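Participant: Input structure: target.cif, which contains mmCIF, C-alpha atoms.
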```
data_final
loop_
_atom_site.group_PDB
_atom_site.id
_atom_site.type_symbol
_atom_site.label_atom_id
_atom_site.label_comp_id
_atom_site.auth_asym_id
_atom_site.auth_seq_id
_atom_site.Cartn_x
_atom_site.Cartn_y
_atom_site.Cartn_z
ATOM 1 C CA ALA E 88 -5.162 48.703 -27.236
ATOM 2 C CA THR E 89 -6.120 45.177 -26.411
ATOM 3 C CA ALA E 90 -8.508 44.486 -23.634
ATOM 4 C CA MET E 91 -7.205 42.171 -20.982
ATOM 5 C CA GLU E 92 -9.210 39.025 -20.924
ATOM 6 C CA PRO E 93 -9.584 37.165 -17.645
ATOM 7 C CA ALA E 94 -7.627 33.942 -17.389
ATOM 8 C CA PRO E 95 -9.722 30.886 -18.140
ATOM 9 C CA GLN E 96 -11.078 29.200 -15.045
ATOM 10 C CA GLN E 97 -9.526 25.874 -14.154
ATOM 11 C CA PRO E 98 -12.058 23.114 -13.558
ATOM 12 C CA THR E 99 -12.470 22.347 -9.901
ATOM 13 C CA VAL E 100 -11.755 18.830 -8.820
ATOM 14 C CA VAL E 101 -14.203 17.476 -6.308
ATOM 15 C CA ASN E 102 -13.189 14.512 -4.205
ATOM 16 C CA VAL E 103 -16.225 12.292 -4.090
ATOM 17 C CA VAL E 104 -16.177 9.196 -1.980
ATOM 18 C CA GLN E 105 -18.075 6.639 -3.932
ATOM 19 C CA ALA E 106 -19.920 3.808 -2.293
ATOM 20 C CA PRO E 107 -18.553 0.380 -3.048
ATOM 21 C CA LEU E 108 -20.206 -1.354 -5.934
ATOM 22 C CA ALA E 109 -23.203 -3.404 -4.986
ATOM 23 C CA ARG E 110 -22.510 -7.083 -4.826
ATOM 24 C CA GLN E 111 -24.595 -10.126 -4.296
ATOM 25 C CA LEU E 112 -24.404 -11.242 -0.689
ATOM 26 C CA LYS E 113 -24.190 -14.934 0.028
ATOM 27 C CA THR E 114 -27.313 -15.892 1.912
ATOM 28 C CA LYS E 115 -27.558 -19.603 1.315
ATOM 29 C CA ARG E 116 -25.829 -21.177 4.282
ATOM 30 C CA SER E 117 -26.398 -24.735 5.389
ATOM 31 C CA LEU E 118 -26.054 -25.948 8.984
ATOM 32 C CA LEU E 119 -25.139 -29.443 7.801
ATOM 33 C CA LYS E 120 -22.431 -28.031 5.514
ATOM 34 C CA TYR E 121 -21.154 -25.872 8.405
ATOM 35 C CA ILE E 122 -20.896 -28.888 10.719
ATOM 36 C CA LEU E 123 -19.434 -31.361 8.203
ATOM 37 C CA LEU E 124 -16.898 -28.990 6.663
ATOM 38 C CA GLY E 125 -15.987 -27.810 10.155
ATOM 39 C CA ILE E 126 -15.134 -31.383 11.111
ATOM 40 C CA VAL E 127 -13.237 -32.129 7.884
ATOM 41 C CA THR E 128 -11.188 -28.900 8.007
ATOM 42 C CA LEU E 129 -10.635 -29.134 11.781
ATOM 43 C CA GLY E 130 -12.544 -25.892 12.430
ATOM 44 C CA ILE E 131 -10.964 -23.698 9.770
ATOM 45 C CA TYR E 132 -14.187 -23.575 7.729
ATOM 46 C CA ASP E 133 -16.125 -22.543 10.847
ATOM 47 C CA ILE E 134 -13.779 -19.624 11.500
ATOM 48 C CA TRP E 135 -13.980 -18.498 7.862
ATOM 49 C CA GLN E 136 -17.772 -18.806 7.785
ATOM 50 C CA MET E 137 -18.244 -16.771 10.980
ATOM 51 C CA SER E 138 -15.928 -14.111 9.549
ATOM 52 C CA GLU E 139 -18.105 -13.953 6.428
ATOM 53 C CA ILE E 140 -21.278 -13.675 8.497
ATOM 54 C CA GLY E 141 -19.786 -10.831 10.548
ATOM 55 C CA GLU E 142 -18.734 -8.941 7.428
ATOM 56 C CA THR E 143 -22.145 -9.442 5.829
ATOM 57 C CA LEU E 144 -23.823 -8.139 8.970
ATOM 58 C CA ASN E 145 -21.585 -5.066 8.883
ATOM 59 C CA ILE E 146 -22.531 -4.410 5.255
ATOM 60 C CA ILE E 147 -26.241 -4.764 5.948
ATOM 61 C CA ALA E 148 -26.661 -3.192 9.389
ATOM 62 C CA SER E 149 -23.887 -0.580 9.776
ATOM 63 C CA ARG E 150 -25.709 2.065 7.756
ATOM 64 C CA ARG E 151 -28.744 1.694 9.990
ATOM 65 C CA ASP E 152 -27.249 1.360 13.468
ATOM 66 C CA GLY E 153 -23.793 2.915 12.995
ATOM 67 C CA LYS E 154 -22.055 -0.022 14.676
ATOM 68 C CA ARG E 155 -19.420 -2.450 13.440
ATOM 69 C CA THR E 156 -18.998 -6.030 14.535
ATOM 70 C CA MET E 157 -15.439 -6.963 15.496
ATOM 71 C CA HIS E 158 -13.827 -9.261 12.945
ATOM 72 C CA TYR E 159 -14.281 -12.850 14.055
ATOM 73 C CA CYS E 160 -10.621 -13.827 13.547
ATOM 74 C CA LEU E 161 -9.474 -11.030 15.858
ATOM 75 C CA MET E 162 -12.006 -12.080 18.464
ATOM 76 C CA PHE E 163 -11.305 -15.799 18.057
ATOM 77 C CA PHE E 164 -7.512 -15.722 18.159
ATOM 78 C CA LEU E 165 -6.822 -12.759 20.453
ATOM 79 C CA VAL E 166 -9.726 -11.443 22.506
ATOM 80 C CA GLY E 167 -11.276 -14.836 23.286
ATOM 81 C CA GLY E 168 -8.056 -16.171 24.759
ATOM 82 C CA ILE E 169 -7.233 -13.044 26.743
ATOM 83 C CA THR E 170 -10.715 -12.954 28.289
ATOM 84 C CA LEU E 171 -10.707 -16.713 29.001
ATOM 85 C CA GLY E 172 -13.632 -17.303 26.631
ATOM 86 C CA ILE E 173 -15.907 -14.523 27.864
ATOM 87 C CA GLY E 174 -15.172 -12.492 24.724
ATOM 88 C CA TRP E 175 -16.759 -15.187 22.599
ATOM 89 C CA PHE E 176 -20.027 -14.998 24.527
ATOM 90 C CA VAL E 177 -20.059 -11.200 24.315
ATOM 91 C CA TRP E 178 -19.338 -11.287 20.551
ATOM 92 C CA TYR E 179 -22.115 -13.817 19.887
ATOM 93 C CA HIS E 180 -24.550 -11.852 22.068
ATOM 94 C CA ARG E 181 -23.829 -8.544 20.303
ATOM 95 C CA MET E 182 -24.113 -10.173 16.897
ATOM 96 C CA SER E 183 -27.416 -11.824 17.791
ATOM 97 C CA SER E 184 -28.707 -8.532 19.153
ATOM 98 C CA ARG E 185 -27.840 -6.704 15.911
ATOM 99 C CA ILE E 186 -29.517 -9.408 13.855
ATOM 100 C CA GLY E 187 -32.590 -9.210 16.097
ATOM 101 C CA ASP E 188 -32.816 -5.435 15.686
#
```
Can the structure from this file be put into C-alpha coordinates for me?

Facilitator:
Amino acid sequence: ATAMEPAPQQPTVVNVVQAPLARQLKTKRSLLKYILLGIVTLGIYDIWQMSEIGETLNIIASRRDGKRTMHYCLMFFLVGGITLGIGWFVWYHRMSSRIGD
(Lines of atoms letter the chains of each structure in order from A and count residues from 1; the text may use other names and numbers.)
(Lines give C-alpha, C1' and ligand atoms only; values in the text may rest on other atoms or scores of the structure.)
Protein backbone atom coordinates (compact mmCIF):
# COMPACT_ATOMS: atom_id res chain seq x y z
CA ALA A 1 0.00 0.00 0.00
CA THR A 2 1.25 3.44 -0.80
CA ALA A 3 1.06 6.14 1.76
CA MET A 4 -0.81 9.21 0.67
CA GLU A 5 1.50 12.14 0.53
CA PRO A 6 0.09 15.60 1.18
CA ALA A 7 -0.21 17.82 -1.86
CA PRO A 8 2.69 20.22 -2.22
CA GLN A 9 1.97 23.65 -0.82
CA GLN A 10 1.52 26.42 -3.36
CA PRO A 11 3.65 29.48 -2.68
CA THR A 12 1.64 32.31 -1.26
CA VAL A 13 1.64 35.53 -3.20
CA VAL A 14 1.91 38.60 -1.05
CA ASN A 15 0.83 41.92 -2.50
CA VAL A 16 3.43 44.39 -1.36
CA VAL A 17 3.00 48.02 -2.15
CA GLN A 18 6.43 49.29 -2.89
CA ALA A 19 7.43 52.87 -2.33
CA PRO A 20 8.28 54.78 -5.46
CA LEU A 21 11.92 54.80 -6.34
CA ALA A 22 13.86 57.62 -4.80
CA ARG A 23 14.58 60.42 -7.18
CA GLN A 24 16.57 63.57 -7.01
CA LEU A 25 14.33 66.51 -6.25
CA LYS A 26 14.97 69.76 -8.06
CA THR A 27 15.96 72.31 -5.46
CA LYS A 28 17.81 74.90 -7.48
CA ARG A 29 15.19 77.48 -8.36
CA SER A 30 16.01 81.02 -9.35
CA LEU A 31 13.71 84.00 -8.76
CA LEU A 32 15.16 85.82 -11.77
CA LYS A 33 14.56 82.77 -13.98
CA TYR A 34 11.00 82.51 -12.60
CA ILE A 35 10.26 86.16 -13.42
CA LEU A 36 11.94 86.27 -16.85
CA LEU A 37 10.60 82.96 -18.13
CA GLY A 38 7.19 83.89 -16.74
CA ILE A 39 7.22 87.04 -18.86
CA VAL A 40 8.52 85.30 -21.99
CA THR A 41 6.03 82.40 -21.77
CA LEU A 42 3.14 84.68 -20.74
CA GLY A 43 2.78 82.97 -17.35
CA ILE A 44 2.87 79.34 -18.47
CA TYR A 45 6.28 78.77 -16.85
CA ASP A 46 4.98 80.23 -13.58
CA ILE A 47 2.04 77.82 -13.52
CA TRP A 48 4.31 74.85 -14.28
CA GLN A 49 6.86 75.89 -11.66
CA MET A 50 4.24 76.30 -8.91
CA SER A 51 2.85 72.87 -9.83
CA GLU A 52 6.34 71.40 -9.42
CA ILE A 53 6.81 73.11 -6.06
CA GLY A 54 3.46 71.77 -4.82
CA GLU A 55 4.32 68.23 -5.90
CA THR A 56 7.75 68.44 -4.29
CA LEU A 57 6.18 69.65 -1.06
CA ASN A 58 3.77 66.71 -1.14
CA ILE A 59 6.66 64.28 -1.59
CA ILE A 60 8.64 65.79 1.27
CA ALA A 61 5.97 66.68 3.83
CA SER A 62 3.05 64.26 3.30
CA ARG A 63 4.70 61.42 5.21
CA ARG A 64 5.18 63.70 8.19
CA ASP A 65 1.94 65.67 8.34
CA GLY A 66 -0.45 63.41 6.40
CA LYS A 67 -1.70 66.29 4.26
CA ARG A 68 -1.67 66.87 0.51
CA THR A 69 -1.46 70.20 -1.23
CA MET A 70 -4.05 70.70 -3.97
CA HIS A 71 -2.50 70.62 -7.43
CA TYR A 72 -1.75 74.17 -8.53
CA CYS A 73 -3.37 73.81 -11.97
CA LEU A 74 -6.67 72.74 -10.40
CA MET A 75 -6.52 75.65 -7.99
CA PHE A 76 -5.40 78.15 -10.63
CA PHE A 77 -7.89 77.30 -13.37
CA LEU A 78 -10.94 76.19 -11.38
CA VAL A 79 -10.99 77.03 -7.68
CA GLY A 80 -9.38 80.47 -7.99
CA GLY A 81 -11.98 81.65 -10.47
CA ILE A 82 -14.95 80.20 -8.62
CA THR A 83 -13.86 81.82 -5.35
CA LEU A 84 -13.07 85.16 -7.03
CA GLY A 85 -9.37 84.88 -6.15
CA ILE A 86 -9.75 83.95 -2.49
CA GLY A 87 -8.73 80.36 -3.26
CA TRP A 88 -5.33 81.56 -4.38
CA PHE A 89 -4.67 83.28 -1.05
CA VAL A 90 -5.81 80.21 0.88
CA TRP A 91 -3.62 77.90 -1.26
CA TYR A 92 -0.53 80.10 -0.80
CA HIS A 93 -1.19 80.40 2.95
CA ARG A 94 -1.56 76.63 3.42
CA MET A 95 1.55 75.95 1.36
CA SER A 96 3.58 78.50 3.32
CA SER A 97 2.31 77.03 6.58
CA ARG A 98 3.39 73.51 5.55
CA ILE A 99 6.81 74.78 4.53
CA GLY A 100 7.12 76.63 7.84
CA ASP A 101 6.25 73.50 9.83

Participant: Which distance in Å separates CA of Met157 (chain E) and CA of Arg185 (chain E), to one decimal?

Facilitator: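 About the pair CA of Met157 (chain E) and CA of Arg185 (chain E): they are 12.4 Å apart.
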
Participant: For region 132-143 of chain E, list every protein, DNA or RNA residue within 10 Å, evaluated using only C-alpha atoms, and leave out those in the same chain fewer than 6 positions away; present the list as a count of residues only.

Facilitator: 23

Participant: Can you work out the spacing between CA of Leu118 (chain E) and CA of Thr170 (chain E) in Å, to one decimal?

Facilitator: 27.9 Å

Participant: Record the distance separating CA of Ser184 (chain E) and CA of Lys115 (chain E), expressed in Å with one decimal.

Facilitator: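 Separating CA of Ser184 (chain E) from CA of Lys115 (chain E) is a distance of 21.0 Å.
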